[in-house]
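Asker: Provided below: input-v3.cif, containing mmCIF, C-alpha atoms and all ligand atoms.
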data_work
#
loop_
_atom_site.label_atom_id
_atom_site.label_comp_id
_atom_site.auth_asym_id
_atom_site.auth_seq_id
_atom_site.Cartn_x
_atom_site.Cartn_y
_atom_site.Cartn_z
CA MET A 1 -3.35 34.11 -47.93
CA PRO A 2 -6.50 35.72 -46.41
CA VAL A 3 -8.89 33.41 -44.60
CA ILE A 4 -12.58 33.67 -45.45
CA VAL A 5 -14.00 32.53 -42.11
CA PRO A 6 -13.45 34.58 -38.94
CA ALA A 7 -11.58 32.97 -36.06
CA ALA A 8 -13.70 31.45 -33.29
CA THR A 9 -11.90 33.49 -30.66
CA SER A 10 -8.88 35.75 -30.21
CA GLU A 11 -5.66 36.01 -28.25
CA GLN A 12 -6.99 39.12 -26.46
CA ARG A 13 -10.14 37.34 -25.33
CA VAL A 14 -8.45 34.17 -24.13
CA PHE A 15 -5.04 35.23 -22.85
CA THR A 16 -5.80 38.03 -20.41
CA PRO A 17 -2.71 39.47 -18.66
CA GLU A 18 -3.45 37.36 -15.57
CA GLN A 19 -4.51 33.74 -15.99
CA PRO A 20 -7.93 33.55 -14.28
CA VAL A 21 -8.69 31.78 -11.02
CA LEU A 22 -11.80 29.60 -11.29
CA SER A 23 -13.75 28.17 -8.40
CA ASP A 24 -16.92 26.48 -7.25
CA ASP A 25 -17.90 24.97 -3.91
CA VAL A 26 -15.65 21.90 -4.53
CA VAL A 27 -12.33 23.21 -5.89
CA VAL A 28 -10.26 26.23 -6.87
CA LEU A 29 -8.31 26.24 -10.13
CA ARG A 30 -5.39 28.65 -9.98
CA PRO A 31 -2.17 29.11 -11.97
CA TRP A 32 0.76 26.93 -10.88
CA ARG A 33 3.24 28.48 -8.43
CA ASP A 34 6.89 27.67 -7.67
CA ASP A 35 5.93 26.51 -4.19
CA ASP A 36 3.69 23.77 -5.68
CA ALA A 37 6.81 21.78 -6.60
CA ALA A 38 6.93 19.62 -3.46
CA ALA A 39 3.24 18.67 -3.68
CA LEU A 40 3.65 17.97 -7.39
CA ARG A 41 6.54 15.63 -6.73
CA GLU A 42 4.42 13.87 -4.09
CA ALA A 43 1.53 13.50 -6.56
CA TYR A 44 3.80 11.82 -9.09
CA GLN A 45 4.70 9.11 -6.57
CA ASP A 46 1.26 7.67 -7.38
CA PRO A 47 1.60 4.67 -9.72
CA GLU A 48 -1.72 5.52 -11.44
CA ILE A 49 -0.55 9.02 -12.36
CA GLN A 50 2.73 7.56 -13.64
CA ARG A 51 0.88 4.87 -15.55
CA TRP A 52 -1.66 7.00 -17.35
CA HIS A 53 0.57 10.02 -17.91
CA VAL A 54 3.54 7.82 -18.90
CA ARG A 55 6.02 9.80 -16.83
CA ARG A 56 7.93 9.63 -13.57
CA LEU A 57 8.92 12.70 -11.64
CA GLU A 58 11.32 12.19 -8.76
CA THR A 59 13.25 15.33 -7.90
CA LEU A 60 12.22 18.80 -6.82
CA ASP A 61 14.13 20.18 -9.80
CA GLU A 62 12.01 18.05 -12.15
CA ALA A 63 8.88 19.27 -10.38
CA ARG A 64 9.99 22.90 -10.66
CA ALA A 65 10.70 22.38 -14.37
CA LEU A 66 7.21 20.96 -14.88
CA VAL A 67 5.63 23.90 -13.05
CA ALA A 68 7.63 26.27 -15.27
CA HIS A 69 6.59 24.34 -18.37
CA TRP A 70 2.91 24.48 -17.42
CA ARG A 71 3.14 28.20 -16.67
CA SER A 72 4.91 28.92 -19.97
CA GLY A 73 1.85 27.83 -21.97
CA TRP A 74 -0.05 30.97 -20.96
CA GLU A 75 2.91 33.19 -21.98
CA ALA A 76 3.33 31.30 -25.27
CA ARG A 77 -0.44 31.47 -25.98
CA THR A 78 -0.59 27.69 -26.39
CA GLY A 79 -2.17 26.40 -23.19
CA ALA A 80 -3.85 27.04 -19.87
CA ALA A 81 -2.70 24.87 -16.98
CA TRP A 82 -4.20 25.09 -13.52
CA ALA A 83 -3.34 23.61 -10.15
CA VAL A 84 -6.56 22.23 -8.65
CA VAL A 85 -6.52 23.06 -4.95
CA GLY A 86 -8.71 22.80 -1.88
CA ASP A 87 -8.43 23.48 1.84
CA ASP A 88 -6.07 20.51 2.10
CA GLY A 89 -3.65 21.68 -0.61
CA LEU A 90 -3.01 20.30 -4.08
CA LEU A 91 -5.89 18.09 -5.25
CA GLY A 92 -5.06 17.74 -8.93
CA ARG A 93 -4.18 19.20 -12.28
CA LEU A 94 -6.31 20.45 -15.15
CA ASP A 95 -4.80 21.60 -18.45
CA LEU A 96 -6.25 22.87 -21.67
CA LYS A 97 -3.44 22.06 -24.11
CA GLY A 98 -2.87 22.75 -27.78
CA ILE A 99 -5.10 25.82 -27.82
CA ASP A 100 -6.26 26.63 -31.35
CA LEU A 101 -7.78 30.12 -31.40
CA TYR A 102 -8.93 29.87 -34.99
CA ASP A 103 -11.07 26.76 -34.53
CA GLY A 104 -11.67 27.49 -30.85
CA GLY A 105 -10.35 24.13 -29.72
CA ALA A 106 -8.17 22.61 -27.01
CA GLU A 107 -7.48 19.25 -25.38
CA ALA A 108 -8.13 18.68 -21.68
CA ALA A 109 -5.75 16.67 -19.49
CA TYR A 110 -6.18 15.94 -15.80
CA TRP A 111 -5.31 13.87 -12.77
CA THR A 112 -6.24 14.01 -9.11
CA VAL A 113 -4.10 12.97 -6.15
CA PRO A 114 -5.10 9.64 -4.57
CA ALA A 115 -6.41 11.25 -1.36
CA ALA A 116 -8.77 13.51 -3.35
CA ARG A 117 -10.35 10.84 -5.56
CA GLY A 118 -13.99 9.90 -5.54
CA ARG A 119 -15.29 13.26 -4.34
CA GLY A 120 -15.98 14.96 -7.64
CA VAL A 121 -12.71 16.86 -8.01
CA ALA A 122 -11.94 15.84 -11.62
CA THR A 123 -15.53 16.48 -12.66
CA ALA A 124 -15.60 19.90 -11.00
CA ALA A 125 -12.24 20.87 -12.54
CA LEU A 126 -13.36 19.83 -16.03
CA ARG A 127 -16.62 21.74 -15.66
CA LEU A 128 -14.91 24.91 -14.43
CA ALA A 129 -12.27 24.91 -17.18
CA SER A 130 -14.93 24.18 -19.83
CA GLY A 131 -17.14 26.98 -18.53
CA TRP A 132 -14.26 29.45 -18.74
CA ALA A 133 -13.27 28.23 -22.22
CA PHE A 134 -16.78 28.60 -23.66
CA ASP A 135 -17.13 32.04 -22.04
CA VAL A 136 -14.02 33.24 -23.90
CA GLY A 137 -15.12 31.86 -27.25
CA PHE A 138 -13.92 28.27 -27.47
CA HIS A 139 -16.12 26.02 -29.55
CA ARG A 140 -14.97 22.46 -28.90
CA LEU A 141 -12.97 20.79 -26.14
CA GLN A 142 -11.63 17.30 -26.59
CA LEU A 143 -10.00 14.76 -24.30
CA GLU A 144 -8.87 11.19 -24.61
CA HIS A 145 -8.02 8.33 -22.30
CA SER A 146 -6.93 4.74 -22.61
CA LEU A 147 -9.84 2.33 -23.00
CA ALA A 148 -8.41 0.58 -19.93
CA ASN A 149 -8.86 3.71 -17.79
CA MET A 150 -12.50 3.55 -16.76
CA GLY A 151 -12.12 6.16 -14.00
CA SER A 152 -11.10 8.77 -16.54
CA CYS A 153 -13.98 7.76 -18.82
CA ARG A 154 -16.48 8.20 -16.00
CA ALA A 155 -15.12 11.60 -14.98
CA ALA A 156 -15.23 12.77 -18.62
CA MET A 157 -18.81 11.58 -19.09
CA LYS A 158 -19.92 13.15 -15.83
CA ALA A 159 -18.48 16.49 -16.96
CA GLY A 160 -20.51 16.22 -20.17
CA PHE A 161 -17.80 15.07 -22.61
CA ALA A 162 -19.60 12.65 -24.94
CA VAL A 163 -17.78 9.67 -26.44
CA GLU A 164 -16.99 10.16 -30.12
CA GLY A 165 -15.01 7.05 -30.95
CA THR A 166 -11.82 5.10 -30.49
CA ARG A 167 -8.36 5.81 -31.87
CA ARG A 168 -7.02 2.29 -32.26
CA SER A 169 -3.56 1.42 -30.93
CA ALA A 170 -2.80 5.12 -30.71
CA VAL A 171 -0.70 5.78 -27.59
CA LYS A 172 2.22 3.77 -26.23
CA HIS A 173 2.07 3.04 -22.51
CA ALA A 174 4.55 1.09 -20.35
CA ASP A 175 2.73 -2.15 -21.20
CA GLY A 176 2.32 -1.45 -24.91
CA TRP A 177 -0.03 0.30 -27.32
CA HIS A 178 -3.46 1.34 -26.03
CA ASP A 179 -6.68 2.11 -27.84
CA MET A 180 -7.77 5.64 -26.91
CA HIS A 181 -11.33 6.76 -26.30
CA VAL A 182 -12.05 10.23 -27.70
CA HIS A 183 -14.57 12.47 -25.89
CA ALA A 184 -15.64 16.01 -26.74
CA LEU A 185 -17.79 18.80 -25.39
CA ILE A 186 -19.20 21.40 -27.78
CA ALA A 187 -20.01 24.97 -26.75
CA PRO A 188 -23.60 25.27 -25.55
C1 LIG A 201 -9.44 9.32 -13.25
C2 LIG A 201 -9.37 10.39 -12.18
C3 LIG A 201 -8.92 11.71 -12.82
C4 LIG A 201 -10.76 10.57 -11.56
O1 LIG A 201 -10.69 11.64 -10.64
P1 LIG A 201 -11.76 11.82 -9.45
O2 LIG A 201 -11.53 13.18 -8.89
O3 LIG A 201 -11.71 10.67 -8.54
O4 LIG A 201 -13.11 11.78 -10.28
P2 LIG A 201 -14.56 12.20 -9.74
O5 LIG A 201 -14.61 12.09 -8.25
O6 LIG A 201 -14.91 13.52 -10.36
O7 LIG A 201 -15.46 11.04 -10.32
C5 LIG A 201 -16.25 11.17 -11.48
C6 LIG A 201 -16.99 9.88 -11.72
O8 LIG A 201 -16.05 8.86 -12.07
C7 LIG A 201 -16.19 7.73 -11.21
N1 LIG A 201 -14.85 7.17 -11.03
C8 LIG A 201 -13.74 7.82 -10.62
N2 LIG A 201 -12.70 6.96 -10.57
C9 LIG A 201 -13.18 5.75 -10.96
C10 LIG A 201 -12.59 4.48 -11.15
N3 LIG A 201 -11.28 4.27 -10.93
N4 LIG A 201 -13.39 3.47 -11.61
C11 LIG A 201 -14.69 3.68 -11.88
N5 LIG A 201 -15.31 4.87 -11.73
C12 LIG A 201 -14.56 5.88 -11.28
C13 LIG A 201 -16.76 8.31 -9.94
O9 LIG A 201 -17.41 7.32 -9.18
C14 LIG A 201 -17.70 9.36 -10.49
O10 LIG A 201 -18.89 8.79 -10.97
P3 LIG A 201 -20.23 8.72 -10.07
O11 LIG A 201 -20.38 10.06 -9.45
O12 LIG A 201 -21.26 8.37 -11.07
O13 LIG A 201 -19.97 7.66 -9.06
C15 LIG A 201 -8.37 9.99 -11.04
O14 LIG A 201 -8.72 8.72 -10.55
C16 LIG A 201 -6.92 9.96 -11.49
O15 LIG A 201 -6.25 10.99 -11.49
N6 LIG A 201 -6.41 8.78 -11.87
C17 LIG A 201 -5.01 8.61 -12.23
C18 LIG A 201 -4.56 9.45 -13.42
C19 LIG A 201 -5.54 9.43 -14.55
O16 LIG A 201 -6.18 8.43 -14.83
N7 LIG A 201 -5.64 10.57 -15.25
C20 LIG A 201 -6.49 10.69 -16.43
C21 LIG A 201 -5.72 10.27 -17.65
S1 LIG A 201 -6.72 10.41 -19.12
#
Represent the structure of the file as structure tokens.

Answerer:
Amino acid sequence: MPVIVPAATSEQRVFTPEQPVLSDDVVVLRPWRDDDAAALREAYQDPEIQRWHVRRLETLDEARALVAHWRSGWEARTGAAWAVVGDDGLLGRLDLKGIDLYDGGAEAAYWTVPAARGRGVATAALRLASGWAFDVGFHRLQLEHSLANMGSCRAAMKAGFAVEGTRRSAVKHADGWHDMHVHALIAP
């Protein structure tokens, strides 16, 4: 059935043959590589990453599988996942998941390694990914975090993602159901 409203963006505009590398004076966002597996496994030893992302990751094989999964999103035209790196190696992760080309939407997900926290890495990564997304025609980026995760709320706000509301008892964590704060950033 023909649609009567043109799509916000297109596969050609978003999914260039090479996933772009994005950078500012704080971080570089680049596609994940096989040799990130060891640093990824190390990152997942952090109890806060396990807690808020409700996953453990213990073996190199699991880390390689996660790298492959994140890379596959670009091929499948469903997501863009970047390793956030600096001079001292892996600093974090920034994904735009669930890409919807028609409505020009996606959901951001992120963490930073403990040693990189408190120096603007999450904020910089969110700003870089948002800037790229709006340049290629996205209209609205959303993210959500548990109401108990104030660090994530602050990073989202600092990157310009305004609070839109609360999804009550929406996501199950290790200690039970959490209310989730929804934030969004609209194309300028
Ligand atoms: C939440 C997280 C991504 C923040 O990353 P970060 O790189 O330290 O964030 P930034 O340095 O960009 O900080 C942005 C703002 O948030 C504040 N902030 C960061 N962590 C905070 C915390 N735990 N409590 C309160 N404020 C915090 C910073 O002070 C800064 O605000 P300011 O400049 O006004 O002081 C990081 O702590 C993390 O990965 N935590 C574990 C996993 C997680 O929570 N992921 C998100 C799931 S939704």

Asker: Go through A:Ala159, A:Val3, A:His173, A:Trp70 one by one, measure the shortest atom-to-atom distance of each to Asp36 in chain A using all atoms listed in the file, and give the residue with the smallest value.

Answerer: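 Of A:Ala159, A:Val3, A:His173, A:Trp70, the one nearest Asp36 in chain A, counting all atoms listed in the file, is A:Trp70.
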
Asker: Choose the residue, out of A:Asp88, A:Asp61, A:Glu75, A:Glu48, that has the smallest atom-to-atom separation from ligand LIG 201 (chain A); count all atoms listed in the file.

Answerer: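 Between A:Asp88, A:Asp61, A:Glu75, A:Glu48, the residue approaching ligand LIG 201 (chain A) most closely is A:Glu48.
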
Asker: Would you please work out which residue, of A:Ala129, A:Ala37, A:Val26, A:Leu66, is nearest to ligand LIG 201 (chain A) when using only C-alpha atoms and all ligand atoms?

Answerer: A:Val26

Asker: Enter the distance from CA of Leu90 in chain A to atom N5 of ligand LIG 201 (chain A), in Å, rounded to one decimal.

Answerer: 21.2 Å

Asker: Could I get the residue neighbourhood of ligand LIG 201 (chain A) at 10 Å, counting only C-alpha atoms and all ligand atoms, as a PDB file with C-alpha atoms, in the frame of the given file?

Answerer:
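What ended up in pocket-v3.pdb:
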ATOM      1  CA  ALA A  43       1.530  13.500  -6.560  1.00  0.00           C
ATOM      2  CA  TYR A  44       3.800  11.820  -9.090  1.00  0.00           C
ATOM      3  CA  ASP A  46       1.260   7.670  -7.380  1.00  0.00           C
ATOM      4  CA  PRO A  47       1.600   4.670  -9.720  1.00  0.00           C
ATOM      5  CA  GLU A  48      -1.720   5.520 -11.440  1.00  0.00           C
ATOM      6  CA  ILE A  49      -0.550   9.020 -12.360  1.00  0.00           C
ATOM      7  CA  GLN A  50       2.730   7.560 -13.640  1.00  0.00           C
ATOM      8  CA  ARG A  51       0.880   4.870 -15.550  1.00  0.00           C
ATOM      9  CA  TRP A  52      -1.660   7.000 -17.350  1.00  0.00           C
ATOM     10  CA  HIS A  53       0.570  10.020 -17.910  1.00  0.00           C
ATOM     11  CA  VAL A  54       3.540   7.820 -18.900  1.00  0.00           C
ATOM     12  CA  LEU A  91      -5.890  18.090  -5.250  1.00  0.00           C
ATOM     13  CA  GLY A  92      -5.060  17.740  -8.930  1.00  0.00           C
ATOM     14  CA  ARG A  93      -4.180  19.200 -12.280  1.00  0.00           C
ATOM     15  CA  LEU A  94      -6.310  20.450 -15.150  1.00  0.00           C
ATOM     16  CA  ALA A 108      -8.130  18.680 -21.680  1.00  0.00           C
ATOM     17  CA  ALA A 109      -5.750  16.670 -19.490  1.00  0.00           C
ATOM     18  CA  TYR A 110      -6.180  15.940 -15.800  1.00  0.00           C
ATOM     19  CA  TRP A 111      -5.310  13.870 -12.770  1.00  0.00           C
ATOM     20  CA  THR A 112      -6.240  14.010  -9.110  1.00  0.00           C
ATOM     21  CA  VAL A 113      -4.100  12.970  -6.150  1.00  0.00           C
ATOM     22  CA  PRO A 114      -5.100   9.640  -4.570  1.00  0.00           C
ATOM     23  CA  ALA A 115      -6.410  11.250  -1.360  1.00  0.00           C
ATOM     24  CA  ALA A 116      -8.770  13.510  -3.350  1.00  0.00           C
ATOM     25  CA  ARG A 117     -10.350  10.840  -5.560  1.00  0.00           C
ATOM     26  CA  GLY A 118     -13.990   9.900  -5.540  1.00  0.00           C
ATOM     27  CA  ARG A 119     -15.290  13.260  -4.340  1.00  0.00           C
ATOM     28  CA  GLY A 120     -15.980  14.960  -7.640  1.00  0.00           C
ATOM     29  CA  VAL A 121     -12.710  16.860  -8.010  1.00  0.00           C
ATOM     30  CA  ALA A 122     -11.940  15.840 -11.620  1.00  0.00           C
ATOM     31  CA  THR A 123     -15.530  16.480 -12.660  1.00  0.00           C
ATOM     32  CA  ALA A 124     -15.600  19.900 -11.000  1.00  0.00           C
ATOM     33  CA  ALA A 125     -12.240  20.870 -12.540  1.00  0.00           C
ATOM     34  CA  LEU A 126     -13.360  19.830 -16.030  1.00  0.00           C
ATOM     35  CA  ARG A 127     -16.620  21.740 -15.660  1.00  0.00           C
ATOM     36  CA  LEU A 143     -10.000  14.760 -24.300  1.00  0.00           C
ATOM     37  CA  GLU A 144      -8.870  11.190 -24.610  1.00  0.00           C
ATOM     38  CA  HIS A 145      -8.020   8.330 -22.300  1.00  0.00           C
ATOM     39  CA  SER A 146      -6.930   4.740 -22.610  1.00  0.00           C
ATOM     40  CA  LEU A 147      -9.840   2.330 -23.000  1.00  0.00           C
ATOM     41  CA  ALA A 148      -8.410   0.580 -19.930  1.00  0.00           C
ATOM     42  CA  ASN A 149      -8.860   3.710 -17.790  1.00  0.00           C
ATOM     43  CA  MET A 150     -12.500   3.550 -16.760  1.00  0.00           C
ATOM     44  CA  GLY A 151     -12.120   6.160 -14.000  1.00  0.00           C
ATOM     45  CA  SER A 152     -11.100   8.770 -16.540  1.00  0.00           C
ATOM     46  CA  CYS A 153     -13.980   7.760 -18.820  1.00  0.00           C
ATOM     47  CA  ARG A 154     -16.480   8.200 -16.000  1.00  0.00           C
ATOM     48  CA  ALA A 155     -15.120  11.600 -14.980  1.00  0.00           C
ATOM     49  CA  ALA A 156     -15.230  12.770 -18.620  1.00  0.00           C
ATOM     50  CA  MET A 157     -18.810  11.580 -19.090  1.00  0.00           C
ATOM     51  CA  LYS A 158     -19.920  13.150 -15.830  1.00  0.00           C
ATOM     52  CA  ALA A 159     -18.480  16.490 -16.960  1.00  0.00           C
ATOM     53  CA  MET A 180      -7.770   5.640 -26.910  1.00  0.00           C
ATOM     54  CA  HIS A 181     -11.330   6.760 -26.300  1.00  0.00           C
TER      55      HIS A 181
END

Asker: Go ahead and compute the interatomic distance for CA of Ala162 in chain A and CA of Gly137 in chain A, in Å to one decimal.

Answerer: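 Atom-to-atom, CA of Ala162 in chain A and CA of Gly137 in chain A are spaced 19.9 Å apart.
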
Asker: With 6 Å added on each side, what axis-aligned box encloses every listed atom of range 89-96 of chain A? Give the centre and edge lengths in Å to one decimal, as JSON.

Answerer:
{"center_x": -4.7, "center_y": 20.3, "center_z": -11.1, "size_x": 15.3, "size_y": 17.1, "size_z": 33.1}

Asker: Using all atoms listed in the file, which residue out of A:Leu185, A:Ala39, A:Leu22, A:Val171 lies closest to His139 in chain A?

Answerer: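 Among the listed residues, A:Leu185 lies closest to His139 in chain A.
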
Asker: Counting only C-alpha atoms, which residue out of A:Trp32, A:Phe161, A:Trp74, A:Trp82 sits closest to Val182 in chain A?

Answerer: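 Ranking A:Trp32, A:Phe161, A:Trp74, A:Trp82 by distance to Val182 in chain A, first place goes to A:Phe161.
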
Asker: Kindly indicate which residue among A:Arg140, A:Lys97, A:Arg41, A:Arg55 lies nearest to Pro188 in chain A, using all atoms listed in the file for the distances.

Answerer: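 The answer is A:Arg140, which sits nearest to Pro188 in chain A.
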
Asker: Got a sec: who's within 12 Å of Ser72 in chain A, counting all atoms listed in the file, leaving out chain neighbours fewer than 4 positions off, as a list in words?

Answerer: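 After dropping sequence-adjacent residues, the list is Gln19, Pro31, Trp32, Arg33, Ala65, Leu66, Val67, Ala68, Ala76, Arg77, Thr78, Gly79, Ala80, Ala81, Trp82 and Lys97 of chain A.
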
Asker: Between CA of Leu141 in chain A and CA of Ala106 in chain A, what is the spacing in Å?

Answerer: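 Result for CA of Ala106 in chain A versus CA of Leu141 in chain A: 5.2 Å, one decimal.
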
Asker: Show me, as a ChimeraX atom specification, the residues that have an atom within 7 Å of Asp179 in chain A when counting all atoms listed in the file, minus same-chain residues fewer than 5 positions from it.

Answerer: /A:146-147,166-170

Asker: Just so I have it separately, write range 29-62 of chain A from the block I sent, keeping C-alpha atoms, as a PDB file, in the first residue's frame.

Answerer:
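Final file, result-v8.pdb:
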ATOM      1  CA  LEU A  29      33.969   6.979  17.691  1.00  0.00           C
ATOM      2  CA  ARG A  30      34.964   4.217  15.300  1.00  0.00           C
ATOM      3  CA  PRO A  31      33.421   0.901  14.219  1.00  0.00           C
ATOM      4  CA  TRP A  32      34.129  -2.064  16.499  1.00  0.00           C
ATOM      5  CA  ARG A  33      37.081  -4.290  15.566  1.00  0.00           C
ATOM      6  CA  ASP A  34      37.881  -7.921  16.413  1.00  0.00           C
ATOM      7  CA  ASP A  35      40.856  -6.807  18.477  1.00  0.00           C
ATOM      8  CA  ASP A  36      38.539  -4.819  20.807  1.00  0.00           C
ATOM      9  CA  ALA A  37      37.377  -8.096  22.379  1.00  0.00           C
ATOM     10  CA  ALA A  38      39.854  -8.130  25.279  1.00  0.00           C
ATOM     11  CA  ALA A  39      39.110  -4.521  26.269  1.00  0.00           C
ATOM     12  CA  LEU A  40      35.389  -5.208  25.953  1.00  0.00           C
ATOM     13  CA  ARG A  41      35.644  -8.172  28.284  1.00  0.00           C
ATOM     14  CA  GLU A  42      37.558  -5.980  30.744  1.00  0.00           C
ATOM     15  CA  ALA A  43      34.864  -3.281  30.558  1.00  0.00           C
ATOM     16  CA  TYR A  44      32.167  -5.806  31.429  1.00  0.00           C
ATOM     17  CA  GLN A  45      33.962  -6.680  34.673  1.00  0.00           C
ATOM     18  CA  ASP A  46      32.545  -3.386  35.977  1.00  0.00           C
ATOM     19  CA  PRO A  47      29.540  -4.039  38.247  1.00  0.00           C
ATOM     20  CA  GLU A  48      27.840  -0.800  37.093  1.00  0.00           C
ATOM     21  CA  ILE A  49      27.958  -1.830  33.430  1.00  0.00           C
ATOM     22  CA  GLN A  50      26.601  -5.265  34.385  1.00  0.00           C
ATOM     23  CA  ARG A  51      23.917  -3.693  36.547  1.00  0.00           C
ATOM     24  CA  TRP A  52      22.548  -1.165  34.106  1.00  0.00           C
ATOM     25  CA  HIS A  53      22.959  -3.261  30.967  1.00  0.00           C
ATOM     26  CA  VAL A  54      21.670  -6.405  32.726  1.00  0.00           C
ATOM     27  CA  ARG A  55      24.366  -8.633  31.269  1.00  0.00           C
ATOM     28  CA  ARG A  56      27.607 -10.333  32.226  1.00  0.00           C
ATOM     29  CA  LEU A  57      30.340 -11.024  29.735  1.00  0.00           C
ATOM     30  CA  GLU A  58      33.165 -13.251  30.892  1.00  0.00           C
ATOM     31  CA  THR A  59      34.955 -14.953  28.029  1.00  0.00           C
ATOM     32  CA  LEU A  60      36.816 -13.666  25.005  1.00  0.00           C
ATOM     33  CA  ASP A  61      34.448 -15.684  22.818  1.00  0.00           C
ATOM     34  CA  GLU A  62      31.474 -13.846  24.334  1.00  0.00           C
TER      35      GLU A  62
END
